[in-house]
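Chemist: Contents of input.csv (CSV, C-alpha atoms):
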```csv
chain,number,residue,atom,x,y,z
A,1,MET,CA,-46.3,-49.4,-72.2
A,2,VAL,CA,-46.7,-52.5,-70.0
A,3,GLU,CA,-50.0,-54.2,-69.2
A,4,TYR,CA,-50.7,-56.3,-66.1
A,5,GLU,CA,-53.7,-58.5,-65.6
A,6,VAL,CA,-54.4,-58.4,-61.9
A,7,GLU,CA,-56.6,-60.8,-60.0
A,8,THR,CA,-57.4,-59.6,-56.5
A,9,LYS,CA,-57.2,-62.5,-54.0
A,10,ILE,CA,-59.3,-62.9,-50.9
A,11,SER,CA,-56.9,-63.9,-48.0
A,12,MET,CA,-57.9,-65.9,-45.0
A,13,SER,CA,-58.4,-64.0,-41.8
A,14,SER,CA,-58.5,-65.4,-38.3
A,15,ILE,CA,-62.0,-63.7,-38.2
A,16,GLU,CA,-63.2,-66.1,-40.9
A,17,LEU,CA,-61.1,-69.1,-39.9
A,18,PRO,CA,-63.4,-70.5,-37.2
A,19,HIS,CA,-66.3,-70.7,-39.7
A,20,PHE,CA,-64.2,-72.7,-42.1
A,21,GLU,CA,-63.1,-75.0,-39.3
A,22,ASN,CA,-66.8,-75.4,-38.1
A,23,LEU,CA,-67.7,-76.7,-41.5
A,24,SER,CA,-64.5,-78.7,-41.9
A,25,GLU,CA,-63.6,-76.7,-45.0
A,26,GLU,CA,-60.0,-76.9,-46.2
A,27,VAL,CA,-57.8,-73.9,-45.5
A,28,ASP,CA,-54.7,-73.5,-47.7
A,29,PHE,CA,-53.9,-69.9,-48.3
A,30,GLU,CA,-50.6,-68.0,-49.0
A,31,TYR,CA,-51.5,-65.6,-46.1
A,32,ILE,CA,-53.5,-65.9,-43.0
A,33,PHE,CA,-54.0,-62.5,-41.3
A,34,CYS,CA,-54.7,-62.3,-37.6
A,35,PRO,CA,-56.3,-59.0,-36.6
A,36,GLU,CA,-56.2,-58.4,-32.8
A,37,ALA,CA,-58.6,-55.8,-31.7
A,38,LEU,CA,-57.7,-55.9,-28.0
A,39,VAL,CA,-61.4,-56.4,-26.9
A,40,LYS,CA,-60.8,-59.5,-24.8
A,41,LYS,CA,-60.9,-58.7,-21.0
A,42,ASP,CA,-57.3,-59.7,-20.4
A,43,ARG,CA,-56.0,-57.5,-23.3
A,44,ARG,CA,-58.0,-54.3,-23.2
A,45,ASP,CA,-55.4,-52.3,-21.4
A,46,PHE,CA,-52.7,-53.8,-23.8
A,47,SER,CA,-50.3,-54.4,-20.8
A,48,GLU,CA,-46.9,-56.0,-21.1
A,49,GLU,CA,-48.6,-59.3,-20.2
A,50,SER,CA,-50.9,-59.1,-23.2
A,51,ILE,CA,-48.0,-59.5,-25.6
A,52,GLU,CA,-47.3,-63.1,-24.8
A,53,LEU,CA,-51.1,-64.0,-24.9
A,54,ILE,CA,-51.4,-62.5,-28.4
A,55,GLN,CA,-48.2,-64.1,-29.6
A,56,ASN,CA,-49.5,-67.5,-28.4
A,57,ASP,CA,-52.7,-67.1,-30.4
A,58,TRP,CA,-50.7,-66.3,-33.6
A,59,VAL,CA,-48.2,-69.1,-33.0
A,60,GLU,CA,-51.0,-71.6,-32.5
A,61,ILE,CA,-52.4,-70.7,-35.9
A,62,LYS,CA,-49.0,-70.9,-37.5
A,63,ASN,CA,-48.4,-74.4,-36.0
A,64,LYS,CA,-51.8,-75.5,-37.3
A,65,TYR,CA,-51.3,-74.0,-40.8
A,66,PRO,CA,-47.5,-74.3,-41.5
A,67,ASN,CA,-47.8,-73.7,-45.2
A,68,SER,CA,-49.3,-70.2,-44.8
A,69,LYS,CA,-47.6,-67.0,-43.9
A,70,VAL,CA,-49.3,-65.9,-40.6
A,71,ILE,CA,-49.3,-62.1,-40.2
A,72,GLY,CA,-50.5,-60.6,-36.9
A,73,VAL,CA,-52.0,-57.1,-37.0
A,74,ILE,CA,-52.9,-55.1,-33.9
A,75,GLN,CA,-56.1,-53.2,-35.0
A,76,PHE,CA,-56.6,-50.0,-33.1
A,77,PRO,CA,-60.1,-48.4,-33.0
A,78,ARG,CA,-60.9,-46.5,-36.1
A,79,LYS,CA,-61.9,-43.3,-34.3
A,80,LEU,CA,-58.6,-43.2,-32.4
A,81,LYS,CA,-56.4,-40.8,-34.5
A,82,VAL,CA,-53.7,-40.4,-31.9
A,83,ARG,CA,-52.4,-43.6,-30.2
A,84,ASP,CA,-50.3,-44.1,-27.1
A,85,ILE,CA,-46.8,-44.5,-28.5
A,86,GLU,CA,-46.1,-47.2,-25.9
A,87,LYS,CA,-49.0,-49.3,-27.2
A,88,VAL,CA,-47.8,-48.8,-30.8
A,89,GLU,CA,-44.4,-50.1,-29.7
A,90,ARG,CA,-46.0,-53.1,-28.1
A,91,ALA,CA,-48.0,-53.7,-31.3
A,92,LEU,CA,-44.6,-54.0,-33.1
A,93,ARG,CA,-43.2,-56.3,-30.4
A,94,CYS,CA,-46.1,-58.6,-30.7
A,95,CYS,CA,-45.0,-59.5,-34.2
A,96,ILE,CA,-41.4,-60.3,-33.1
A,97,TYR,CA,-41.3,-64.0,-32.1
A,98,ASP,CA,-39.6,-67.2,-33.2
A,99,GLY,CA,-41.0,-68.2,-36.6
A,100,SER,CA,-42.8,-64.9,-37.3
A,101,ASN,CA,-43.6,-64.3,-40.9
A,102,GLY,CA,-43.6,-60.6,-40.8
A,103,VAL,CA,-43.6,-57.5,-38.6
A,104,CYS,CA,-46.4,-54.8,-38.9
A,105,LEU,CA,-45.4,-51.2,-38.5
A,106,CYS,CA,-48.1,-48.6,-37.8
A,107,GLU,CA,-48.0,-44.9,-37.0
A,108,SER,CA,-48.9,-43.5,-33.6
A,109,ASP,CA,-50.5,-40.3,-34.9
A,110,LEU,CA,-52.7,-40.3,-38.0
A,111,THR,CA,-52.6,-36.4,-38.0
A,112,GLN,CA,-48.8,-36.1,-38.0
A,113,SER,CA,-46.9,-34.7,-41.0
A,114,GLU,CA,-44.8,-36.8,-43.3
A,115,ILE,CA,-41.7,-35.7,-41.5
A,116,GLY,CA,-42.9,-37.0,-38.2
A,117,PHE,CA,-44.0,-40.2,-39.9
A,118,SER,CA,-40.6,-40.7,-41.6
A,119,GLU,CA,-38.7,-40.3,-38.3
A,120,GLU,CA,-41.1,-42.7,-36.5
A,121,ILE,CA,-40.8,-45.4,-39.2
A,122,GLU,CA,-37.0,-45.0,-39.3
A,123,ALA,CA,-36.9,-45.7,-35.5
A,124,PHE,CA,-39.1,-48.8,-35.9
A,125,LEU,CA,-36.9,-50.1,-38.7
A,126,GLU,CA,-33.9,-50.1,-36.4
A,127,VAL,CA,-35.8,-52.3,-34.0
A,128,VAL,CA,-37.1,-55.0,-36.5
A,129,GLY,CA,-33.9,-55.5,-38.4
A,130,ASP,CA,-34.1,-58.0,-41.3
A,131,SER,CA,-37.7,-59.2,-40.6
A,132,GLU,CA,-40.3,-59.1,-43.4
A,133,LYS,CA,-42.0,-55.7,-43.0
A,134,PHE,CA,-45.6,-54.7,-43.5
A,135,LEU,CA,-46.7,-51.1,-43.2
A,136,VAL,CA,-50.3,-50.6,-41.8
A,137,LEU,CA,-51.4,-47.4,-43.5
A,138,ASP,CA,-54.9,-46.0,-42.7
A,139,MET,CA,-56.6,-44.6,-45.8
A,140,GLU,CA,-57.7,-41.6,-43.7
A,141,THR,CA,-54.3,-40.7,-42.4
A,142,ASN,CA,-52.9,-37.2,-43.1
A,143,GLU,CA,-51.0,-37.1,-46.4
A,144,PRO,CA,-51.3,-40.8,-47.3
A,145,ARG,CA,-49.6,-40.4,-50.7
A,146,LYS,CA,-46.5,-38.8,-49.2
A,147,LYS,CA,-46.4,-41.4,-46.3
A,148,LEU,CA,-46.6,-44.2,-48.8
A,149,GLU,CA,-43.8,-42.8,-50.9
A,150,ILE,CA,-41.6,-42.5,-47.8
A,151,ALA,CA,-42.3,-46.1,-46.8
A,152,LEU,CA,-41.6,-47.4,-50.3
A,153,LEU,CA,-38.3,-45.5,-50.5
A,154,LYS,CA,-37.3,-47.1,-47.2
A,155,GLY,CA,-37.8,-50.5,-48.7
A,156,ILE,CA,-41.2,-51.4,-47.1
A,157,LEU,CA,-43.0,-53.1,-50.0
A,158,ASN,CA,-45.8,-54.9,-48.2
A,159,ILE,CA,-48.5,-52.3,-47.6
A,160,ILE,CA,-51.7,-53.0,-45.6
A,161,LEU,CA,-54.3,-50.3,-46.4
A,162,VAL,CA,-56.9,-50.0,-43.7
A,163,ALA,CA,-60.0,-49.3,-45.7
A,164,GLY,CA,-61.8,-46.0,-45.4
A,165,ALA,CA,-62.1,-43.0,-47.6
A,166,TYR,CA,-64.4,-45.2,-49.7
A,167,ARG,CA,-65.5,-42.3,-52.0
A,168,ASP,CA,-62.1,-41.1,-52.8
A,169,ASN,CA,-61.4,-43.2,-55.9
A,170,GLY,CA,-58.4,-41.1,-56.9
A,171,LEU,CA,-56.7,-41.8,-53.6
A,172,TRP,CA,-57.3,-45.6,-53.8
A,173,GLU,CA,-56.0,-45.7,-57.4
A,174,ASP,CA,-52.9,-43.6,-56.7
A,175,LEU,CA,-51.9,-45.7,-53.7
A,176,ILE,CA,-52.4,-49.1,-55.2
A,177,MET,CA,-50.8,-48.1,-58.5
A,178,ASN,CA,-47.8,-46.7,-56.7
A,179,ILE,CA,-47.3,-49.9,-54.7
A,180,ARG,CA,-47.5,-51.9,-57.9
A,181,ALA,CA,-45.1,-49.6,-59.7
A,182,SER,CA,-42.6,-50.2,-56.9
A,183,GLU,CA,-43.0,-54.0,-57.2
A,184,GLY,CA,-44.7,-54.1,-53.8
A,185,LYS,CA,-47.8,-55.9,-52.7
A,186,SER,CA,-51.1,-54.2,-51.6
A,187,PHE,CA,-53.2,-55.7,-48.9
A,188,VAL,CA,-56.6,-54.2,-48.0
A,189,MET,CA,-58.0,-54.8,-44.5
A,190,LEU,CA,-61.8,-54.3,-44.4
A,191,PRO,CA,-63.0,-53.3,-40.9
A,192,ARG,CA,-66.5,-53.8,-42.4
A,193,ASN,CA,-67.6,-56.3,-45.1
A,194,MET,CA,-70.4,-54.1,-46.5
A,195,ASN,CA,-72.0,-50.7,-46.6
A,196,THR,CA,-74.5,-50.6,-43.7
A,197,TRP,CA,-77.3,-49.1,-45.8
A,198,THR,CA,-76.8,-50.5,-49.3
A,199,LYS,CA,-75.4,-53.9,-48.3
A,200,LYS,CA,-72.8,-53.5,-51.1
A,201,SER,CA,-69.6,-55.4,-50.5
A,202,TYR,CA,-66.5,-53.3,-49.9
A,203,ILE,CA,-64.4,-56.0,-51.6
A,204,GLU,CA,-65.6,-54.6,-54.9
A,205,ILE,CA,-63.7,-51.3,-54.3
A,206,ALA,CA,-60.4,-53.1,-53.6
A,207,GLN,CA,-60.9,-55.2,-56.7
A,208,ILE,CA,-61.8,-52.3,-59.0
A,209,PHE,CA,-58.5,-50.6,-58.2
A,210,GLY,CA,-56.4,-53.7,-58.5
A,211,ALA,CA,-55.4,-54.6,-54.9
A,212,ASP,CA,-53.4,-57.7,-54.6
A,213,PHE,CA,-55.1,-59.1,-51.5
A,214,VAL,CA,-58.2,-58.4,-49.4
A,215,PHE,CA,-58.9,-59.7,-45.9
A,216,GLN,CA,-61.4,-59.1,-43.2
A,217,GLY,CA,-60.5,-57.2,-40.1
A,218,PHE,CA,-62.3,-57.0,-36.8
A,219,MET,CA,-65.7,-55.3,-37.0
A,220,TYR,CA,-66.4,-52.8,-34.2
A,221,GLY,CA,-69.9,-52.2,-33.0
A,222,GLY,CA,-73.0,-54.0,-34.4
A,223,GLY,CA,-76.5,-54.2,-33.2
A,224,LYS,CA,-78.0,-56.4,-30.6
A,225,GLY,CA,-81.2,-57.1,-32.3
A,226,LYS,CA,-82.5,-60.3,-33.9
A,227,LYS,CA,-79.7,-62.1,-35.6
A,228,LYS,CA,-79.7,-62.2,-39.4
A,229,ASN,CA,-77.2,-64.1,-41.6
A,230,TYR,CA,-76.3,-62.4,-44.8
A,231,PHE,CA,-74.9,-64.2,-47.9
A,232,LEU,CA,-72.9,-62.5,-50.6
A,233,ASP,CA,-74.5,-62.5,-54.1
A,234,LYS,CA,-71.5,-62.2,-56.5
A,235,SER,CA,-73.7,-61.2,-59.4
A,236,ASP,CA,-74.1,-57.7,-57.9
A,237,MET,CA,-71.7,-57.9,-54.9
A,238,THR,CA,-74.5,-57.2,-52.4
A,239,PHE,CA,-75.2,-59.1,-49.2
A,240,LYS,CA,-78.7,-60.6,-48.9
A,241,GLU,CA,-80.8,-62.8,-46.8
A,242,LYS,CA,-80.9,-66.4,-48.0
A,243,SER,CA,-84.5,-66.0,-49.3
A,244,GLU,CA,-83.3,-63.2,-51.6
A,245,LEU,CA,-80.4,-65.1,-53.2
A,246,PRO,CA,-80.5,-66.1,-56.9
A,247,SER,CA,-80.7,-69.9,-57.7
A,248,THR,CA,-77.1,-69.6,-58.9
A,249,ALA,CA,-75.7,-68.8,-55.5
A,250,LEU,CA,-73.3,-71.3,-54.0
A,251,VAL,CA,-75.6,-72.1,-51.2
A,252,PHE,CA,-78.1,-73.4,-53.7
A,253,SER,CA,-76.1,-74.4,-56.8
A,254,ASP,CA,-73.2,-76.2,-55.1
A,255,GLU,CA,-74.3,-79.7,-53.9
A,256,HIS,CA,-71.8,-79.6,-51.1
A,257,PHE,CA,-73.2,-76.4,-49.6
A,258,LYS,CA,-76.8,-77.4,-50.5
A,259,ASN,CA,-76.5,-80.4,-48.2
A,260,PHE,CA,-75.3,-78.1,-45.3
A,261,GLU,CA,-78.2,-75.7,-46.0
A,262,ARG,CA,-80.8,-78.4,-45.5
A,263,GLN,CA,-79.5,-79.2,-42.0
A,264,PHE,CA,-79.2,-75.7,-40.5
A,265,GLN,CA,-82.0,-73.6,-39.0
A,266,VAL,CA,-82.3,-70.0,-40.0
A,267,GLY,CA,-80.3,-67.7,-37.7
A,268,SER,CA,-78.4,-70.6,-36.2
A,269,ASP,CA,-74.6,-70.6,-35.4
A,270,GLU,CA,-74.2,-73.2,-38.1
A,271,GLU,CA,-76.0,-71.1,-40.7
A,272,THR,CA,-73.7,-68.2,-39.7
A,273,SER,CA,-70.7,-70.3,-40.6
A,274,LEU,CA,-72.3,-71.4,-43.8
A,275,SER,CA,-73.1,-67.7,-44.7
A,276,ARG,CA,-69.5,-66.6,-44.0
A,277,VAL,CA,-67.9,-69.5,-45.9
A,278,CYS,CA,-70.2,-69.2,-48.9
A,279,SER,CA,-69.7,-65.4,-49.0
A,280,PHE,CA,-65.9,-65.9,-48.9
A,281,LYS,CA,-66.1,-68.3,-51.8
A,282,GLU,CA,-68.5,-66.1,-53.8
A,283,ALA,CA,-66.0,-63.2,-53.4
A,284,GLU,CA,-63.2,-65.4,-54.6
A,285,LEU,CA,-65.2,-66.3,-57.7
A,286,TYR,CA,-66.1,-62.7,-58.4
A,287,CYS,CA,-62.5,-61.5,-58.2
A,288,ARG,CA,-61.4,-64.4,-60.4
A,289,GLU,CA,-64.0,-63.6,-63.1
A,290,ASN,CA,-63.4,-59.8,-63.0
A,291,ARG,CA,-59.6,-59.4,-63.4
A,292,ARG,CA,-58.4,-55.8,-63.7
A,293,THR,CA,-56.0,-54.8,-66.5
A,294,ILE,CA,-53.5,-52.1,-65.4
A,295,ILE,CA,-51.4,-50.2,-67.8
A,296,PHE,CA,-48.0,-48.6,-67.0
A,297,GLU,CA,-46.5,-46.1,-69.3
A,298,ALA,CA,-42.9,-47.1,-70.2
```
When written as structure tokens, how does the structure in this file appear?

Modeler:
Amino acid sequence: MVEYEVETKISMSSIELPHFENLSEEVDFEYIFCPEALVKKDRRDFSEESIELIQNDWVEIKNKYPNSKVIGVIQFPRKLKVRDIEKVERALRCCIYDGSNGVCLCESDLTQSEIGFSEEIEAFLEVVGDSEKFLVLDMETNEPRKKLEIALLKGILNIILVAGAYRDNGLWEDLIMNIRASEGKSFVMLPRNMNTWTKKSYIEIAQIFGADFVFQGFMYGGGKGKKKNYFLDKSDMTFKEKSELPSTALVFSDEHFKNFERQFQVGSDEETSLSRVCSFKEAELYCRENRRTIIFEA
């Protein structure tokens, strides 16, 4: 019997990066993930010309943060179960550039069988060669356990789980435990940071099941009403307005952030950056204080 003490780490995302830069907060992470949601006007059709634009964005971040591994992820819409195979191939090609730290592979059809998945991944592997490989596996794909097993057997040990199936605890545990048993790394991409109704953070799910890394993806949708900035309260992992935070929250208890808080108006862009940075750091503290012990039978 072997015991592992696992600390889930919150990785930097290009979604969060501008907020850190706005507050001149230091960025020094093992990984910086760059989700590209293809929402910009010059990229919506994901034409051939888009590839170079996307690569330029990722290279710029890599040049700015040379000590981090910069991983670009094309993030297809959640409701799109079947994707244009040409666009999936372009997503792969976006990751292949001079200095790339890894290539992300994703399937074109979430409803396909494990046989179709195996054939598709094998074809992608022939293209990417010796590059570091990351499989982007949607939690709501058909036969996720079998598809993960296929990827691990093919030597793909970096697995990005696109969060979903939040109530299927057994699925989460099986996938993350199997990745760890194969000496791989599990990364969870959260398309939303919290449950819309309860305001509970989805980071807690990834942490409970021992994921290695969590990072924020692009959030689709969102209301157009009056702007509210929510801060994460690590004591119960719930997002709250500033007036509802306990006095121990970073925005109040840390002198550095307290000074920022005095300067910014409620609902301002500056307060948005403060809320995102403080929430990020609160999540880091939560994961550090709540390590998961995982036991493997010998």

Chemist: Using all atoms listed in the file, which residue out of A:Lys154, A:Lys87, A:Arg93, A:Lys228 lies closest to Glu119 in chain A?

Modeler: A:Lys154

Chemist: Could you check which of A:Ala211, A:Ala91, A:Met12, A:Val128 is closest to Ser47 in chain A, using all atoms listed in the file?

Modeler: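 Ranked by minimum distance to Ser47 in chain A, first place goes to A:Ala91.
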
Chemist: Which residues are near Glu173 in chain A? Cut-off 12 Å, all atoms listed in the file, ignore same chain within fewer than 5 positions. Put them as number ranges by chain.

Modeler: A: 139, 145, 165-168, 178-181, 186, 205-211, 294

Chemist: The centre and edge lengths of an axis-aligned box containing all atoms of range 277-289 of chain A present in the file, extended by 8 Å on each side, are to be given in Å to one decimal, as JSON.

Modeler:
```
{"center_x": -65.8, "center_y": -65.5, "center_z": -54.5, "size_x": 24.8, "size_y": 24.0, "size_z": 33.2}
```

Chemist: Quick check, in Å to one decimal: how far apart do CA of Lys81 in chain A and CA of Glu140 in chain A lie?

Modeler: 9.3 Å

Chemist: One decimal, in Å: what's the spacing between CA of Phe257 in chain A and CA of Glu244 in chain A?

Modeler: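 Spanning CA of Phe257 in chain A to CA of Glu244 in chain A is a straight-line distance of 16.7 Å.
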